[in-house]
file data.cif (mmCIF, C-alpha atoms and all ligand atoms)
data_run
loop_
_atom_site.label_atom_id
_atom_site.label_comp_id
_atom_site.auth_asym_id
_atom_site.auth_seq_id
_atom_site.Cartn_x
_atom_site.Cartn_y
_atom_site.Cartn_z
CA MET T 9 33.82 24.81 25.81
CA ILE T 10 33.48 22.32 22.95
CA LEU T 11 36.02 20.11 24.68
CA SER T 12 33.77 19.91 27.71
CA LEU T 13 30.85 18.54 25.64
CA GLY T 14 30.38 14.79 25.46
CA PHE T 15 30.84 13.11 22.08
CA ALA T 16 27.16 12.20 21.83
CA THR T 17 26.10 15.78 22.53
CA LEU T 18 28.51 17.06 19.90
CA LEU T 19 27.21 14.58 17.38
CA SER T 20 23.62 15.57 18.00
CA LEU T 21 24.47 19.28 17.67
CA MET T 22 26.10 18.54 14.31
CA ARG T 23 23.02 16.61 13.19
CA VAL T 24 20.74 19.53 14.13
CA ALA T 25 23.02 21.92 12.23
CA THR T 26 22.93 19.68 9.16
CA ALA T 27 19.15 19.33 9.31
CA GLN T 28 18.71 23.09 9.73
CA SER T 29 20.99 23.94 6.85
CA SER T 30 19.21 21.53 4.52
CA THR T 31 15.86 23.09 5.46
CA ALA T 32 17.14 26.66 5.35
CA THR T 33 18.69 26.50 1.90
CA SER T 34 15.71 24.58 0.40
CA SER T 35 17.88 24.03 -2.66
CA ALA T 36 17.01 20.36 -2.92
CA PRO T 37 16.81 19.17 -6.53
CA THR T 38 13.35 18.98 -8.05
CA ALA T 39 11.80 17.14 -10.99
CA THR T 40 11.94 18.47 -14.53
CA SER T 41 9.66 16.05 -16.39
CA THR T 42 6.49 17.49 -17.89
CA VAL T 43 4.87 14.08 -18.25
CA SER T 44 1.68 13.32 -16.28
CA LEU T 45 2.12 9.94 -14.63
CA ASN T 46 -1.27 8.26 -15.07
CA MET T 47 -1.40 9.36 -18.68
CA ALA T 48 2.09 7.95 -19.19
CA ALA T 49 1.17 4.69 -17.44
CA LYS T 50 -1.86 4.22 -19.68
CA ALA T 51 0.06 5.11 -22.84
CA ALA T 52 2.52 2.39 -21.79
CA GLY T 53 -0.27 -0.19 -21.57
CA LYS T 54 -0.80 -0.17 -17.79
CA LEU T 55 -4.22 0.31 -16.23
CA TYR T 56 -3.30 3.13 -13.86
CA PHE T 57 -0.83 5.10 -11.82
CA GLY T 58 -2.51 5.81 -8.49
CA SER T 59 -2.15 6.96 -4.91
CA ALA T 60 -3.32 6.07 -1.45
CA THR T 61 -5.22 8.82 0.29
CA ASP T 62 -6.89 9.30 3.64
CA ASN T 63 -10.04 11.19 4.59
CA PRO T 64 -8.44 13.86 6.85
CA GLU T 65 -6.18 14.89 3.94
CA LEU T 66 -9.13 15.77 1.73
CA THR T 67 -9.61 19.13 3.47
CA ASP T 68 -6.16 20.21 2.19
CA THR T 69 -7.09 21.99 -1.03
CA ALA T 70 -3.55 22.17 -2.46
CA TYR T 71 -3.14 18.42 -1.85
CA LEU T 72 -6.57 17.72 -3.32
CA THR T 73 -5.95 19.74 -6.47
CA ILE T 74 -3.01 17.50 -7.36
CA LEU T 75 -4.81 14.31 -6.31
CA ASN T 76 -7.86 15.18 -8.41
CA ASP T 77 -5.82 15.54 -11.60
CA THR T 78 -6.69 12.34 -13.42
CA ALA T 79 -3.85 12.77 -15.91
CA MET T 80 -1.65 12.35 -12.84
CA PHE T 81 -3.58 9.75 -10.79
CA GLY T 82 -6.03 7.27 -12.29
CA GLN T 83 -6.63 5.21 -9.17
CA LEU T 84 -7.19 5.70 -5.43
CA THR T 85 -6.71 3.43 -2.42
CA PRO T 86 -8.16 4.47 0.94
CA ALA T 87 -5.30 4.22 3.47
CA ASN T 88 -7.62 3.57 6.40
CA SER T 89 -11.33 4.12 5.85
CA MET T 90 -12.25 0.71 4.37
CA LYS T 91 -10.49 -1.31 7.07
CA TRP T 92 -12.45 -3.47 9.49
CA ASP T 93 -12.21 -1.07 12.48
CA ALA T 94 -13.63 1.75 10.35
CA ILE T 95 -16.31 -0.26 8.54
CA GLU T 96 -17.65 -2.59 11.27
CA PRO T 97 -16.46 -1.22 14.64
CA GLU T 98 -19.11 -3.23 16.49
CA GLN T 99 -20.60 -6.49 15.35
CA ASN T 100 -23.22 -5.86 12.65
CA VAL T 101 -22.84 -2.07 12.98
CA PHE T 102 -21.53 -0.80 9.64
CA ASN T 103 -20.20 2.69 8.88
CA PHE T 104 -19.35 3.40 5.26
CA THR T 105 -18.98 7.18 5.60
CA GLY T 106 -15.21 7.45 5.08
CA GLY T 107 -15.06 4.85 2.32
CA ASP T 108 -18.02 6.44 0.55
CA GLN T 109 -16.25 9.81 0.53
CA ILE T 110 -13.24 8.37 -1.28
CA VAL T 111 -15.37 6.38 -3.73
CA ALA T 112 -17.34 9.56 -4.51
CA LEU T 113 -14.08 11.43 -5.15
CA ALA T 114 -12.92 8.68 -7.48
CA GLU T 115 -16.23 8.77 -9.36
CA GLN T 116 -16.16 12.58 -9.67
CA THR T 117 -12.63 12.54 -11.07
CA GLY T 118 -12.84 9.43 -13.26
CA LYS T 119 -10.53 7.19 -11.25
CA ILE T 120 -10.73 3.49 -10.49
CA MET T 121 -10.64 2.20 -6.91
CA ARG T 122 -8.63 -0.44 -5.09
CA GLY T 123 -10.55 -1.52 -1.97
CA HIS T 124 -8.25 -1.92 1.05
CA ASN T 125 -8.80 -4.20 2.94
CA LEU T 126 -11.26 -6.86 4.09
CA VAL T 127 -9.42 -9.31 6.37
CA TRP T 128 -6.25 -8.22 8.22
CA TYR T 129 -4.79 -8.85 11.66
CA SER T 130 -4.26 -5.09 12.22
CA GLN T 131 -6.79 -2.30 12.64
CA LEU T 132 -9.12 -5.08 13.67
CA PRO T 133 -11.68 -4.15 16.34
CA ASP T 134 -11.35 -5.87 19.70
CA TRP T 135 -14.67 -7.62 19.30
CA VAL T 136 -13.13 -9.63 16.45
CA ALA T 137 -9.53 -9.91 17.69
CA TYR T 138 -10.47 -11.02 21.19
CA GLY T 139 -13.80 -12.75 20.53
CA ASN T 140 -14.39 -16.24 21.85
CA TRP T 141 -14.89 -17.86 18.47
CA THR T 142 -15.47 -21.35 17.19
CA PRO T 143 -14.60 -22.12 13.56
CA GLU T 144 -18.31 -21.86 12.73
CA THR T 145 -18.95 -18.52 14.43
CA LEU T 146 -15.80 -16.88 13.05
CA THR T 147 -16.64 -18.13 9.55
CA SER T 148 -19.99 -16.42 9.86
CA VAL T 149 -18.36 -13.20 11.13
CA ILE T 150 -15.94 -13.14 8.15
CA GLN T 151 -18.71 -13.89 5.67
CA THR T 152 -20.96 -11.18 7.08
CA HIS T 153 -18.19 -8.58 7.06
CA VAL T 154 -16.93 -9.38 3.57
CA THR T 155 -20.37 -9.81 2.02
CA THR T 156 -21.73 -6.59 3.52
CA GLU T 157 -18.72 -4.44 2.58
CA VAL T 158 -18.24 -5.84 -0.92
CA SER T 159 -21.99 -5.65 -1.63
CA HIS T 160 -22.10 -2.02 -0.48
CA TYR T 161 -19.42 -1.12 -3.01
CA LYS T 162 -20.50 -3.54 -5.73
CA GLY T 163 -19.56 -2.27 -9.19
CA LYS T 164 -17.41 0.54 -7.77
CA ILE T 165 -14.20 -1.28 -6.85
CA TYR T 166 -11.78 -2.47 -9.52
CA ALA T 167 -9.82 -4.70 -7.12
CA TRP T 168 -10.16 -5.70 -3.47
CA ASP T 169 -7.33 -6.54 -1.13
CA VAL T 170 -9.42 -9.35 0.33
CA ILE T 171 -6.62 -10.72 2.48
CA ASN T 172 -3.89 -8.44 3.80
CA GLU T 173 -0.48 -9.59 5.01
CA PRO T 174 -1.20 -13.27 5.83
CA PHE T 175 2.45 -14.37 6.14
CA ASN T 176 5.34 -13.94 8.52
CA ASP T 177 8.66 -13.11 6.87
CA ASN T 178 9.81 -16.72 7.35
CA GLY T 179 6.94 -17.94 5.16
CA THR T 180 4.75 -19.36 7.93
CA PHE T 181 1.19 -18.14 8.27
CA ARG T 182 0.74 -15.25 10.68
CA THR T 183 -0.91 -16.50 13.85
CA ASP T 184 -3.82 -14.10 14.28
CA VAL T 185 -7.40 -14.77 15.35
CA PHE T 186 -8.28 -15.92 11.83
CA TYR T 187 -5.48 -18.44 11.46
CA ASN T 188 -5.65 -19.61 15.07
CA THR T 189 -9.35 -20.39 14.72
CA LEU T 190 -9.67 -21.52 11.11
CA ASN T 191 -6.19 -22.41 9.95
CA SER T 192 -5.55 -21.08 6.43
CA SER T 193 -9.15 -21.87 5.42
CA TYR T 194 -10.10 -18.29 6.39
CA ILE T 195 -8.45 -17.18 3.14
CA SER T 196 -10.76 -19.14 0.85
CA ILE T 197 -13.76 -18.32 3.06
CA ALA T 198 -13.12 -14.61 2.51
CA LEU T 199 -12.28 -14.95 -1.20
CA ASN T 200 -15.43 -16.97 -1.89
CA ALA T 201 -17.62 -14.50 -0.02
CA ALA T 202 -16.09 -11.56 -1.90
CA HIS T 203 -16.58 -13.27 -5.26
CA ALA T 204 -20.22 -14.06 -4.49
CA ALA T 205 -20.88 -10.43 -3.50
CA ASP T 206 -19.22 -8.83 -6.56
CA PRO T 207 -18.26 -11.36 -9.25
CA ASP T 208 -16.68 -8.63 -11.40
CA ALA T 209 -14.21 -7.33 -8.81
CA MET T 210 -10.61 -8.50 -9.02
CA LEU T 211 -9.70 -10.30 -5.80
CA TYR T 212 -6.19 -9.83 -4.40
CA ILE T 213 -4.02 -10.95 -1.55
CA ASN T 214 -1.73 -8.07 -0.55
CA GLU T 215 1.62 -8.54 1.21
CA TYR T 216 4.94 -6.82 2.02
CA ASN T 217 8.46 -8.20 1.59
CA LEU T 218 7.52 -10.01 -1.60
CA GLU T 219 10.07 -7.80 -3.31
CA TYR T 220 12.99 -10.11 -2.52
CA SER T 221 13.68 -13.79 -2.94
CA GLY T 222 13.22 -15.95 0.14
CA PRO T 223 10.63 -17.93 2.07
CA LYS T 224 7.88 -15.31 1.96
CA ILE T 225 7.55 -15.17 -1.83
CA ASP T 226 7.87 -18.96 -1.92
CA ALA T 227 4.98 -19.24 0.52
CA MET T 228 2.86 -16.87 -1.57
CA VAL T 229 3.57 -18.83 -4.75
CA GLN T 230 2.52 -22.00 -2.94
CA LEU T 231 -0.65 -20.37 -1.60
CA VAL T 232 -1.70 -19.16 -5.06
CA THR T 233 -0.94 -22.61 -6.47
CA ASP T 234 -3.12 -24.22 -3.80
CA LEU T 235 -5.97 -21.72 -4.22
CA LYS T 236 -5.97 -22.18 -7.99
CA ALA T 237 -5.92 -25.99 -7.63
CA ALA T 238 -8.92 -25.79 -5.30
CA GLY T 239 -10.84 -23.51 -7.70
CA THR T 240 -10.89 -20.64 -5.20
CA PRO T 241 -11.29 -17.23 -6.85
CA ILE T 242 -7.98 -15.35 -6.78
CA ASP T 243 -7.08 -12.77 -9.41
CA GLY T 244 -4.01 -10.95 -8.20
CA ILE T 245 -1.23 -10.45 -5.71
CA GLY T 246 -0.40 -7.01 -4.35
CA ILE T 247 3.32 -6.41 -3.90
CA GLU T 248 3.32 -3.58 -1.36
CA SER T 249 6.85 -2.29 -2.17
CA HIS T 250 7.86 -0.30 0.91
CA PHE T 251 11.52 0.04 -0.06
CA ILE T 252 14.59 1.34 1.76
CA LEU T 253 16.83 3.63 -0.32
CA GLY T 254 19.30 1.68 -2.45
CA GLU T 255 17.92 -1.73 -1.53
CA VAL T 256 15.98 -2.48 -4.69
CA SER T 257 16.85 -5.68 -6.53
CA ALA T 258 15.35 -5.45 -10.01
CA SER T 259 16.18 -9.07 -10.78
CA GLU T 260 14.54 -10.45 -7.63
CA LEU T 261 11.47 -8.21 -7.98
CA GLN T 262 11.01 -9.22 -11.61
CA ALA T 263 11.56 -12.92 -10.91
CA ASN T 264 8.98 -12.79 -8.11
CA MET T 265 6.41 -11.01 -10.24
CA GLU T 266 6.95 -13.53 -13.03
CA ALA T 267 6.66 -16.48 -10.64
CA LEU T 268 3.23 -15.18 -9.64
CA THR T 269 1.96 -14.20 -13.09
CA ALA T 270 3.01 -17.64 -14.38
CA LEU T 271 0.29 -19.04 -12.12
CA GLY T 272 -2.37 -17.03 -13.93
CA VAL T 273 -2.78 -14.07 -11.57
CA ASP T 274 -2.09 -10.37 -12.06
CA VAL T 275 0.34 -8.49 -9.87
CA ALA T 276 0.29 -4.82 -8.86
CA ILE T 277 2.63 -2.54 -6.96
CA THR T 278 0.17 -1.49 -4.29
CA GLU T 279 1.93 0.68 -1.67
CA LEU T 280 5.13 2.06 -3.18
CA ASP T 281 7.48 4.28 -1.21
CA ASP T 282 11.27 4.46 -0.75
CA ARG T 283 12.43 5.72 2.63
CA ILE T 284 15.62 7.66 3.25
CA GLU T 285 17.62 7.95 6.46
CA LEU T 286 17.36 11.63 7.40
CA PRO T 287 18.64 14.17 6.66
CA ALA T 288 18.37 13.33 2.96
CA THR T 289 21.23 14.56 0.80
CA ASP T 290 21.01 15.52 -2.87
CA ALA T 291 22.79 12.25 -3.65
CA ASP T 292 20.06 10.39 -1.73
CA LEU T 293 17.37 12.05 -3.83
CA GLU T 294 19.24 11.00 -6.99
CA GLN T 295 19.43 7.44 -5.69
CA GLN T 296 15.72 7.60 -4.92
CA LYS T 297 15.04 8.68 -8.51
CA ALA T 298 17.02 5.64 -9.69
CA ASP T 299 15.13 3.37 -7.28
CA TYR T 300 11.72 4.58 -8.46
CA GLU T 301 12.76 4.19 -12.09
CA THR T 302 13.96 0.65 -11.41
CA ILE T 303 10.83 -0.42 -9.53
CA VAL T 304 8.34 1.03 -12.02
CA GLY T 305 10.57 -0.30 -14.81
CA VAL T 306 10.12 -3.83 -13.46
CA CYS T 307 6.33 -3.37 -13.58
CA MET T 308 6.79 -2.21 -17.17
CA ALA T 309 8.80 -5.33 -17.97
CA VAL T 310 6.13 -7.70 -16.64
CA SER T 311 2.97 -7.67 -18.74
CA GLY T 312 0.89 -9.05 -15.85
CA CYS T 313 1.81 -6.08 -13.64
CA VAL T 314 -1.31 -3.97 -14.04
CA GLY T 315 -0.41 -0.75 -12.27
CA VAL T 316 1.48 1.18 -9.63
CA THR T 317 0.10 2.85 -6.50
CA VAL T 318 2.21 5.10 -4.26
CA TRP T 319 1.45 5.02 -0.52
CA ASP T 320 0.40 8.60 -0.69
CA TYR T 321 2.07 10.81 -3.20
CA THR T 322 3.55 13.35 -0.78
CA ASP T 323 5.92 13.28 2.18
CA LYS T 324 3.39 15.54 3.89
CA TYR T 325 1.13 12.56 4.54
CA SER T 326 3.56 9.64 4.51
CA TRP T 327 3.26 6.98 7.23
CA ILE T 328 7.06 6.52 7.31
CA PRO T 329 8.31 9.11 9.86
CA SER T 330 5.96 7.91 12.60
CA SER T 331 6.62 4.22 11.96
CA PHE T 332 10.38 4.44 11.21
CA PRO T 333 11.83 7.26 13.33
CA GLY T 334 14.86 8.80 11.63
CA TYR T 335 13.57 7.90 8.15
CA GLY T 336 11.37 9.87 5.76
CA GLU T 337 11.12 11.66 2.41
CA ALA T 338 9.88 8.39 0.91
CA CYS T 339 7.35 9.76 -1.61
CA PRO T 340 7.71 11.35 -5.08
CA TRP T 341 6.37 14.74 -3.96
CA ASP T 342 7.97 16.53 -1.00
CA GLU T 343 6.17 17.86 2.06
CA ASN T 344 5.52 21.16 0.24
CA LEU T 345 3.87 19.25 -2.63
CA VAL T 346 6.86 19.92 -4.92
CA ARG T 347 7.87 17.11 -7.29
CA LYS T 348 11.15 15.42 -6.37
CA PRO T 349 13.66 13.75 -8.71
CA ALA T 350 11.81 10.51 -7.93
CA TYR T 351 8.99 11.86 -10.08
CA ASP T 352 11.34 11.94 -13.06
CA GLY T 353 12.34 8.35 -12.33
CA ILE T 354 8.72 7.21 -12.54
CA ALA T 355 8.13 9.25 -15.70
CA MET T 356 11.26 7.77 -17.31
CA ALA T 357 10.13 4.23 -16.57
CA PHE T 358 6.69 4.78 -18.08
CA THR T 359 7.97 6.56 -21.19
CA SER T 360 11.11 4.63 -22.14
CA TYR T 361 9.64 1.37 -23.33
O1 LIG P 401 -8.17 6.87 14.02
C1 LIG P 401 -7.26 7.24 15.08
C2 LIG P 401 -7.65 8.58 15.66
O2 LIG P 401 -8.91 8.46 16.26
C3 LIG P 401 -6.58 9.00 16.65
O3 LIG P 401 -6.87 10.30 17.13
C4 LIG P 401 -5.21 9.00 16.01
C5 LIG P 401 -4.11 9.35 17.00
O4 LIG P 401 -2.89 8.72 16.67
O5 LIG P 401 -4.95 7.72 15.49
C6 LIG P 401 -5.88 7.34 14.50
O6 LIG P 401 -5.52 6.09 14.02
C7 LIG P 401 -4.39 6.05 13.17
C8 LIG P 401 -4.84 5.55 11.80
O7 LIG P 401 -3.72 5.36 10.96
C9 LIG P 401 -5.80 6.54 11.12
O8 LIG P 401 -5.16 7.76 10.92
C10 LIG P 401 -3.38 5.10 13.77
O9 LIG P 401 -2.86 5.64 14.98
C11 LIG P 401 -2.26 4.83 12.80
O10 LIG P 401 -1.45 3.78 13.30
C12 LIG P 401 -2.84 4.38 11.46
O11 LIG P 401 -1.76 4.16 10.59
C13 LIG P 401 -2.08 3.49 9.39
C14 LIG P 401 -1.40 2.12 9.37
O12 LIG P 401 -1.68 1.49 8.14
C15 LIG P 401 -1.85 1.21 10.48
O13 LIG P 401 -1.24 -0.05 10.36
C16 LIG P 401 -1.56 4.32 8.24
O14 LIG P 401 -2.29 5.56 8.20
C17 LIG P 401 -1.74 3.56 6.94
O15 LIG P 401 -1.10 4.27 5.91
C18 LIG P 401 -1.10 2.19 7.08
O16 LIG P 401 -1.25 1.47 5.90
C19 LIG P 401 -0.67 0.14 5.88
C20 LIG P 401 -1.50 -0.69 4.93
O17 LIG P 401 -2.86 -0.66 5.35
C21 LIG P 401 -1.00 -2.12 4.87
N1 LIG P 401 0.40 -2.16 4.54
C22 LIG P 401 1.27 -1.33 5.36
C23 LIG P 401 0.78 0.11 5.38
C24 LIG P 401 1.70 0.98 6.19
O18 LIG P 401 1.67 0.65 7.55
#
call {"tool": "encode", "arguments": {"input": "data.cif", "output": "structure tokens"}}
result
Amino acid sequence: MILSLGFATLLSLMRVATAQSSTATSSAPTATSTVSLNMAAKAAGKLYFGSATDNPELTDTAYLTILNDTAMFGQLTPANSMKWDAIEPEQNVFNFTGGDQIVALAEQTGKIMRGHNLVWYSQLPDWVAYGNWTPETLTSVIQTHVTTEVSHYKGKIYAWDVINEPFNDNGTFRTDVFYNTLNSSYISIALNAAHAADPDAMLYINEYNLEYSGPKIDAMVQLVTDLKAAGTPIDGIGIESHFILGEVSASELQANMEALTALGVDVAITELDDRIELPATDADLEQQKADYETIVGVCMAVSGCVGVTVWDYTDKYSWIPSSFPGYGEACPWDENLVRKPAYDGIAMAFTSY
């Protein structure tokens, strides 16, 4: 009977069996550290250890109980509810409901907020993305959006991701409606508007694939250099840090952080996760612990790295499985809200300095 099965079918049956046995035994290793991560981050001189969260998750009381523990998380980032499509779905029609809910939660539990994000090519409503703009009209649209959103949250946001993901991986500017209409001037237009609306907020540009050497980090260093030379307000660079298991380069990550902080800006790890090709083995979870320790350890080694945010703390609400089919288990808590070895890696990095 087995001989009559095709090789591909056999392989997929084996995969199912492996996946089922790893679920059925549920003997995956768990964390042993008793350290609370935000407390450890602050004791180590960082501003926060934080997490992304999203409004639909806030009805999950077990999830919320962990999130609300300020010894564990000192900072929140809304994963979706402060983005352009949520905040200004139609021109001059603003909806702050979702963002307000997360700001209120942060205030109730004594956490600081990272605002995410003001100008991004994605989750951009059609009226912006496909509008028939001139440089003048799009400048006004950006200024209205940024000014209205930053003013609404004035005094409540520690740092804004004013610009999100402006570069292609080859270091050229991403050709979206903003760049196509305004060239790179849209970046200073947004930064200046944000600074005018809340002069005390830290203003960031946030980007992925800055974790390795290559043209993208070089382009970001050049952009910060140019913005500083022009006197444009820029306070920090967000290094998203969506890693693949075993692909962390401590030396490249540290060199890149130092290249940026040498220009007089802060850096932060803004969206940390470390995805595993499924099914994850115990050895994978050990490697993930090592990866998390390495990454957070680099932030520890760079004084201008202000804090670390995980892109949600639990596999239950991770964006990875839907965006990278076949990958998952990227977060420090598993889908049952149990701490994984990765948790110990983070704790080790914050406590062994
Ligand atoms: O709001 C709709 C809802 O009406 C609809 O019923 C549902 C059905 O799929 O989709 C909902 O939209 C989803 C949205 O999240 C809100 O839940 C989108 O499909 C989904 O694509 C979107 O994913 C978000 C993603 O950004 C979009 O690019 C993730 O939650 C969010 O974690 C992720 O975050 C980004 C950062 O902003 C920037 N860096 C990368 C990071 C990961 O992609």
call {"tool": "atom_distance", "arguments": {"input": "data.cif", "atom1": "CA of Glu260 in chain T", "atom2": "CA of Ser221 in chain T"}}
result
5.8 Å
call {"tool": "residues_around", "arguments": {"input": "data.cif", "residues": "Gln131 in chain T", "least_positions_apart": "3", "cutoff": "12 Å", "atoms": "all atoms listed in the file", "output": "list of chain:residue names"}}
result
T:Ala87, T:Asn88, T:Ser89, T:Met90, T:Lys91, T:Trp92, T:Asp93, T:Ala94, T:Ile95, T:Glu96, T:Pro97, T:His124, T:Asn125, T:Leu126, T:Val127, T:Trp128, T:Asp134, T:Trp135, T:Val136, T:Ala137, T:Asn172
call {"tool": "axis_aligned_box", "arguments": {"input": "data.cif", "around": "range 125-140 of chain T", "padding_each_side": "3 Å", "output": "lines of an AutoDock Vina configuration file"}}
result
center_x = -9.5
center_y = -9.3
center_z = 12.4
size_x = 16.4
size_y = 19.9
size_z = 24.9
call {"tool": "residues_near_ligand", "arguments": {"input": "data.cif", "ligand": "ligand LIG 401 (chain P)", "cutoff": "10 Å", "atoms": "only C-alpha atoms and all ligand atoms", "output": "PyMOL selection string"}}
result
chain T and resi 60-64+85-91+93-94+124-125+128-132+169+172-173+214-216+247-250+278-281+319-320+325-328+330-331
call {"tool": "residues_near_point", "arguments": {"input": "data.cif", "point": "(-15.2, -24.6, 16.0)", "cutoff": "12 Å", "atoms": "only C-alpha atoms", "output": "ChimeraX atom specification"}}
result
/T:140-148,186,188-191
call {"tool": "closest_residue", "arguments": {"input": "data.cif", "among": "T:Ala270, T:Ala209, T:Leu84, T:Leu218", "to": "Lys236 in chain T", "atoms": "all atoms listed in the file"}}
result
T:Ala270
call {"tool": "closest_residue", "arguments": {"input": "data.cif", "among": "T:Val275, T:Ala70, T:Ile110, T:Ala48", "to": "Ala167 in chain T", "atoms": "only C-alpha atoms"}}
result
T:Val275
call {"tool": "closest_residue", "arguments": {"input": "data.cif", "among": "T:Lys164, T:His153, T:Ser193, T:Asp68", "to": "Glu115 in chain T", "atoms": "only C-alpha atoms"}}
result
T:Lys164
call {"tool": "atom_distance", "arguments": {"input": "data.cif", "atom1": "CA of Gly139 in chain T", "atom2": "CA of Phe175 in chain T"}}
result
21.8 Å
call {"tool": "residues_around", "arguments": {"input": "data.cif", "residues": "Gly254 in chain T", "least_positions_apart": "2", "cutoff": "10 Å", "atoms": "only C-alpha atoms", "output": "list in words"}}
result
Phe251, Ile252, Val256, Ser257, Asp282, Arg283, Ile284, Asp292, Gln295, Gln296, Ala298 and Asp299 of chain T
call {"tool": "atom_distance", "arguments": {"input": "data.cif", "atom1": "CA of Pro349 in chain T", "atom2": "CA of Thr42 in chain T"}}
result
12.2 Å
call {"tool": "closest_residue", "arguments": {"input": "data.cif", "among": "T:Tyr187, T:Ile277, T:Tyr138, T:Leu253", "to": "Thr289 in chain T", "atoms": "only C-alpha atoms"}}
result
T:Leu253
call {"tool": "residues_around", "arguments": {"input": "data.cif", "residues": "Tyr351 in chain T", "least_positions_apart": "5", "cutoff": "8 Å", "atoms": "all atoms listed in the file", "output": "count of residues only"}}
result
6
call {"tool": "closest_residue", "arguments": {"input": "data.cif", "among": "T:Thr117, T:Glu98, T:Tyr166, T:Val316", "to": "Val149 in chain T", "atoms": "all atoms listed in the file"}}
result
T:Glu98
call {"tool": "closest_residue", "arguments": {"input": "data.cif", "among": "T:Thr269, T:Thr322, T:Asn200, T:Thr359", "to": "Val346 in chain T", "atoms": "only C-alpha atoms"}}
result
T:Thr322
call {"tool": "residues_around", "arguments": {"input": "data.cif", "residues": "Ser159 in chain T", "least_positions_apart": "4", "cutoff": "8 Å", "atoms": "only C-alpha atoms", "output": "compact mmCIF listing (two decimals) with C-alpha atoms, keeping the file's coordinate frame"}}
result
# COMPACT_ATOMS: atom_id res chain seq x y z
CA THR T 155 -20.37 -9.81 2.02
CA ALA T 205 -20.88 -10.43 -3.50
CA ASP T 206 -19.22 -8.83 -6.56
call {"tool": "residues_around", "arguments": {"input": "data.cif", "residues": "Glu301 in chain T", "least_positions_apart": "4", "cutoff": "7 Å", "atoms": "all atoms listed in the file", "output": "JSON, numbers by chain"}}
result
{"T": [297, 305, 353, 354, 356, 357]}
call {"tool": "write_last_selection", "arguments": {"input": "data.cif", "atoms": "C-alpha atoms", "output": "tab-separated table (two decimals), in the frame of the given file"}}
result
chain	number	residue	atom	x	y	z
T	297	LYS	CA	15.04	8.68	-8.51
T	305	GLY	CA	10.57	-0.30	-14.81
T	353	GLY	CA	12.34	8.35	-12.33
T	354	ILE	CA	8.72	7.21	-12.54
T	356	MET	CA	11.26	7.77	-17.31
T	357	ALA	CA	10.13	4.23	-16.57
